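Before any comments, here is the structure.
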Amino acid sequence: MWVYEKKLQYPVRVSKCDPRMAKFLLEQYGGADGELAAALRYLNQRYTIPDKVVGLLNDIGTEEFAHLEMIATMIYKLTKDATVEQLEAAGLGANYAQRDHAMFYVNADGVPWTAAYIQAKGDPLADLYEDIAAEEKARATYQWLIDMTDDVDLQDGLKFLREREVVHAMRFKEAVEIIKADREAKKVF
Amino acid sequence: MSANNQLREWYPFVGPFDPCPPIIVKTYVVPPNQYIPYQPMNLPQFPLDQALKLGTLWPALYSPYESKCGTGGPRP
Amino acid sequence: MSEKQLDANYYAKLLELQQLDFALLELNLYLDTHPNDMQAVTQFNQLAQKRQQCAYHFEHQYGPLMNYGHSYSKFPWQWSEAPWPWQV
């Protein structure tokens with residue numbers, strides 16, 4: 001089970017009301033390579049991956065939920081007191097028509113999240129290589145998002161999240177090595 | 001590691017009929033994890049305050065990235 | 001406006017906890033692929049102890065950090081009180 005902790009993983013700040021950036025950040029909220037997809041991908045794969053790497057999938061999957069909460073916090077703060085006119089000008093008019101200021105699991109284009117974004121092949125190498133690719137894609141998305149804002153506070157949180165993708169990719173690569181080496185040849189590392 | 005040694009450059013072909021002003025040099029990032037097959041034990045660590053700030057405990061895994069906003073990069 | 005106001009000390013203490021927890025998370029992921037690194041296990045356990053003390057003091061001042069019985073509550077029930085993490 002999971003126990004909630006009433007704090008963010010990283011102190012999220014934004015320095016201005018900016019619904020335009022909020023809309024783009026949705027890519028990491030309900031997008032194909034976003035944090036929701038990442039969390040659900042890893043936590044689902046853990047049931048059928050060799051025991052030796054279950055812990056890693058479990059722990060990275062859990063961290064992704066902390067990242068999802070950070071992205072939500074950014075979107076929440078960027079749109080909190082935005083007027084209808086501001087939301088409309090930022091391309092969030094359709095969102096307002098459907099749900100006022102509420103967030104939803106859609107990507108930056110407004111397309112709802114779908115399980116078709118993620119895979120579980122039941123083969124450890126296939127699954128881990130998908131995970132590595134997902135981390136690299138999320139890293140790239142963070143780069144493009146950082147490029148789109150001059151808000152240094154927002155950039156700061158996005159840079160943290162981008163670095164986490166680099167570390168996760170590193171760990172998944174190590175998991176591949178563990179899978180490759182596991183032939184009762186213990187303690188290689 | 002500095003930002004520079006993680007950046008790679010390439011020079012796309014510039015056609016005579018491309019209407020947008022050409023970007024002569026394009027860049028992409030190769031983060032340091034690409035060169036570490038398996039993280040060695042006992043690597044130097046950042047102090048804890050810096051580790052949180054930078055997003056990793058290990059300088060060897062740190063990949064800096066600066067915004068291109070306002071630099072005339074991809075976004076006008 | 002909600003009557004509850006957070007002081008500078010709240011943010012400083014929260015940051016301290018976030019720093020400890022981040023190092024623990026990083027070491028946790030690292031140990032998932034390096035289970036035989038004794039020095040890292042030792043560092044993990046030391047930081048875990050430090051974290052426990054830090055969280056204890058934070059909770060005493062600002063209320064429970066965790067639900068379902070992993071934190072104590074004063075009366076009346078504190079868990080459901082604002083602010084929530086995305087609000088601070």
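Each chain of the structure tokens is named A, B, ... in the order shown, its residues numbered from 1; ligands are numbered from 1 in display order.
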Taking only C-alpha atoms into account, produce a table as a tab-separated table in which each residue of region 4-70 of chain B with an atom at most 9 Å from an atom of region 33-42 of chain C appears once, together with its shortest atom pair and the distance in Å to one decimal, ordered by chain and rising number.
residue	atom	partner	partner_atom	distance
B:Gln39	CA	C:His34	CA	8.7
B:Met41	CA	C:Asp37	CA	6.8
B:Asn42	CA	C:Gln39	CA	7.8
Those residues you just picked out, can you put them in a file as a compact mmCIF listing (two decimals), in the first residue's frame with N, CA and C atoms?
# COMPACT_ATOMS: atom_id res chain seq x y z
N GLN B 39 27.20 2.50 -12.35
CA GLN B 39 27.80 3.49 -11.45
C GLN B 39 28.78 2.83 -10.48
N MET B 41 31.13 2.31 -7.13
CA MET B 41 30.91 2.63 -5.72
C MET B 41 31.77 3.82 -5.30
N ASN B 42 31.35 4.46 -4.22
CA ASN B 42 32.13 5.52 -3.56
C ASN B 42 32.44 6.72 -4.44
Which residues of chain A come within 10 Å of chain C, and what is each one's closest atom pair and distance in Å (one decimal), counting only C-alpha atoms, sorted by chain and residue number, as JSON lines?
{"residue": "A:Trp2", "atom": "CA", "partner": "C:Tyr68", "partner_atom": "CA", "distance": 9.8}
{"residue": "A:Val3", "atom": "CA", "partner": "C:Asn67", "partner_atom": "CA", "distance": 6.5}
{"residue": "A:Tyr4", "atom": "CA", "partner": "C:Met66", "partner_atom": "CA", "distance": 5.7}
{"residue": "A:Glu5", "atom": "CA", "partner": "C:Met66", "partner_atom": "CA", "distance": 4.7}
{"residue": "A:Lys6", "atom": "CA", "partner": "C:Leu65", "partner_atom": "CA", "distance": 4.9}
{"residue": "A:Lys7", "atom": "CA", "partner": "C:Pro85", "partner_atom": "CA", "distance": 4.9}
{"residue": "A:Leu8", "atom": "CA", "partner": "C:Pro85", "partner_atom": "CA", "distance": 5.8}
{"residue": "A:Gln9", "atom": "CA", "partner": "C:Gln18", "partner_atom": "CA", "distance": 6.3}
{"residue": "A:Tyr10", "atom": "CA", "partner": "C:Gln18", "partner_atom": "CA", "distance": 6.6}
{"residue": "A:Pro11", "atom": "CA", "partner": "C:Leu15", "partner_atom": "CA", "distance": 7.4}
{"residue": "A:Val12", "atom": "CA", "partner": "C:Trp86", "partner_atom": "CA", "distance": 8.1}
{"residue": "A:Arg13", "atom": "CA", "partner": "C:Val88", "partner_atom": "CA", "distance": 9.4}
{"residue": "A:Lys52", "atom": "CA", "partner": "C:Asp32", "partner_atom": "CA", "distance": 8.4}
{"residue": "A:Val53", "atom": "CA", "partner": "C:Asp32", "partner_atom": "CA", "distance": 7.4}
{"residue": "A:Val54", "atom": "CA", "partner": "C:Asp32", "partner_atom": "CA", "distance": 8.9}
{"residue": "A:Gly55", "atom": "CA", "partner": "C:Asp32", "partner_atom": "CA", "distance": 6.2}
{"residue": "A:Leu56", "atom": "CA", "partner": "C:Asp32", "partner_atom": "CA", "distance": 5.5}
{"residue": "A:Leu57", "atom": "CA", "partner": "C:Asp32", "partner_atom": "CA", "distance": 9.3}
{"residue": "A:Asn58", "atom": "CA", "partner": "C:Leu29", "partner_atom": "CA", "distance": 9.8}
{"residue": "A:Asp59", "atom": "CA", "partner": "C:Leu29", "partner_atom": "CA", "distance": 6.8}
{"residue": "A:Ile60", "atom": "CA", "partner": "C:Leu29", "partner_atom": "CA", "distance": 7.4}
{"residue": "A:Glu63", "atom": "CA", "partner": "C:Leu25", "partner_atom": "CA", "distance": 8.5}
{"residue": "A:Glu69", "atom": "CA", "partner": "C:Trp86", "partner_atom": "CA", "distance": 7.8}
{"residue": "A:Met70", "atom": "CA", "partner": "C:Trp86", "partner_atom": "CA", "distance": 7.7}
{"residue": "A:Ile71", "atom": "CA", "partner": "C:Trp86", "partner_atom": "CA", "distance": 9.7}
{"residue": "A:Ala72", "atom": "CA", "partner": "C:Trp86", "partner_atom": "CA", "distance": 7.8}
{"residue": "A:Thr73", "atom": "CA", "partner": "C:Trp86", "partner_atom": "CA", "distance": 4.9}
{"residue": "A:Met74", "atom": "CA", "partner": "C:Trp86", "partner_atom": "CA", "distance": 8.2}
{"residue": "A:Ile75", "atom": "CA", "partner": "C:Trp86", "partner_atom": "CA", "distance": 9.8}
{"residue": "A:Tyr76", "atom": "CA", "partner": "C:Trp86", "partner_atom": "CA", "distance": 7.6}
{"residue": "A:Lys77", "atom": "CA", "partner": "C:Trp86", "partner_atom": "CA", "distance": 7.9}
{"residue": "A:Arg164", "atom": "CA", "partner": "C:Glu26", "partner_atom": "CA", "distance": 9.6}
{"residue": "A:Val167", "atom": "CA", "partner": "C:Glu26", "partner_atom": "CA", "distance": 8.7}
{"residue": "A:His168", "atom": "CA", "partner": "C:Leu29", "partner_atom": "CA", "distance": 8.5}
{"residue": "A:Met170", "atom": "CA", "partner": "C:Tyr30", "partner_atom": "CA", "distance": 9.6}
{"residue": "A:Arg171", "atom": "CA", "partner": "C:Thr33", "partner_atom": "CA", "distance": 7.0}
{"residue": "A:Phe172", "atom": "CA", "partner": "C:Thr33", "partner_atom": "CA", "distance": 9.0}
{"residue": "A:Lys173", "atom": "CA", "partner": "C:Thr33", "partner_atom": "CA", "distance": 9.9}
{"residue": "A:Glu174", "atom": "CA", "partner": "C:Thr33", "partner_atom": "CA", "distance": 6.5}
{"residue": "A:Ala175", "atom": "CA", "partner": "C:Thr33", "partner_atom": "CA", "distance": 6.7}
{"residue": "A:Glu177", "atom": "CA", "partner": "C:Thr33", "partner_atom": "CA", "distance": 9.5}
{"residue": "A:Ile178", "atom": "CA", "partner": "C:Thr33", "partner_atom": "CA", "distance": 7.8}
{"residue": "A:Lys187", "atom": "CA", "partner": "C:Asn36", "partner_atom": "CA", "distance": 7.7}
{"residue": "A:Val188", "atom": "CA", "partner": "C:Asn36", "partner_atom": "CA", "distance": 9.9}
{"residue": "A:Phe189", "atom": "CA", "partner": "C:His34", "partner_atom": "CA", "distance": 6.9}
Save the residues we just selected, C-alpha atoms, as a compact mmCIF listing (two decimals), in the first residue's frame?
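Now in again-v3.txt:
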# COMPACT_ATOMS: atom_id res chain seq x y z
CA TRP A 2 0.99 3.61 -0.10
CA VAL A 3 1.14 6.18 2.66
CA TYR A 4 0.87 9.85 1.77
CA GLU A 5 3.40 12.36 2.93
CA LYS A 6 2.15 15.92 3.29
CA LYS A 7 5.04 17.64 1.54
CA LEU A 8 6.44 18.02 -1.96
CA GLN A 9 9.64 16.28 -3.01
CA TYR A 10 11.05 19.66 -4.06
CA PRO A 11 9.96 23.21 -3.21
CA VAL A 12 7.95 24.32 -6.24
CA ARG A 13 7.79 28.04 -6.98
CA LYS A 52 16.05 -8.56 -8.48
CA VAL A 53 14.77 -5.41 -10.19
CA VAL A 54 11.24 -5.21 -8.71
CA GLY A 55 12.48 -2.88 -5.96
CA LEU A 56 13.85 -0.42 -8.49
CA LEU A 57 10.63 -0.32 -10.54
CA ASN A 58 8.64 0.02 -7.33
CA ASP A 59 10.73 2.90 -6.02
CA ILE A 60 11.06 4.85 -9.27
CA GLU A 63 8.88 8.76 -7.10
CA GLU A 69 2.28 16.19 -7.71
CA MET A 70 5.02 18.72 -8.50
CA ILE A 71 3.70 19.22 -12.04
CA ALA A 72 0.17 19.58 -10.66
CA THR A 73 1.46 22.16 -8.19
CA MET A 74 3.07 24.15 -11.00
CA ILE A 75 -0.14 24.08 -13.07
CA TYR A 76 -2.22 24.92 -10.01
CA LYS A 77 -0.07 27.94 -9.14
CA ARG A 164 15.67 13.01 -12.18
CA VAL A 167 19.25 9.45 -12.85
CA HIS A 168 16.31 7.12 -13.54
CA MET A 170 21.03 5.43 -15.28
CA ARG A 171 19.32 3.07 -12.84
CA PHE A 172 17.29 1.36 -15.56
CA LYS A 173 20.49 0.80 -17.52
CA GLU A 174 21.96 -0.85 -14.42
CA ALA A 175 18.83 -2.98 -14.16
CA GLU A 177 23.00 -5.19 -16.63
CA ILE A 178 21.59 -7.06 -13.64
CA LYS A 187 28.06 -10.49 -6.68
CA VAL A 188 29.35 -9.24 -9.97
CA PHE A 189 28.78 -5.70 -8.82
Subject >> Expected answer as a list in words: chain B residues within 9 Å of chain C, only C-alpha atoms >> reply: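 Within 9 Å of chain C on chain B, we get Gln39, Met41, Asn42, Leu48, Asp49, Gln50, Ala51, Leu52, Lys53, Gly55, Thr56 and Leu57 of chain B.
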Keeping only C-alpha atoms, write those residues as a PDB file, in the first residue's frame.
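Okay, part.pdb is ready:
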ATOM      1  CA  GLN B  39      27.800   3.493 -11.446  1.00  0.00           C
ATOM      2  CA  MET B  41      30.905   2.630  -5.718  1.00  0.00           C
ATOM      3  CA  ASN B  42      32.131   5.521  -3.561  1.00  0.00           C
ATOM      4  CA  LEU B  48      22.785  17.555   0.764  1.00  0.00           C
ATOM      5  CA  ASP B  49      21.514  21.093   0.104  1.00  0.00           C
ATOM      6  CA  GLN B  50      23.198  21.172  -3.277  1.00  0.00           C
ATOM      7  CA  ALA B  51      22.054  17.627  -4.101  1.00  0.00           C
ATOM      8  CA  LEU B  52      18.390  18.588  -3.755  1.00  0.00           C
ATOM      9  CA  LYS B  53      18.934  21.789  -5.698  1.00  0.00           C
ATOM     10  CA  GLY B  55      18.473  16.856  -8.568  1.00  0.00           C
ATOM     11  CA  THR B  56      21.161  14.256  -7.895  1.00  0.00           C
ATOM     12  CA  LEU B  57      23.498  13.206  -5.108  1.00  0.00           C
TER      13      LEU B  57
END
Original post:
Which residues in region 31-83 of chain C does DSSP call helix (DSSP H, G or I)? List them as number ranges by chain.
Top reply: C: 31-33, 38-62
**OP:** Hey, list the chain B side of the contact with chain A: 9 Å cut-off, only C-alpha atoms, answer as an MDAnalysis selection string.
**Re:** chainID B and resid 29 31:34 36:40 52:56 61:70 73:75
Original post:
Quick one: residues within 7 Å of Arg20 (chain A), only C-alpha atoms counted, chain neighbours fewer than 3 positions away excluded, as a VMD selection string?
Top reply: chain A and resid 23 to 24 90
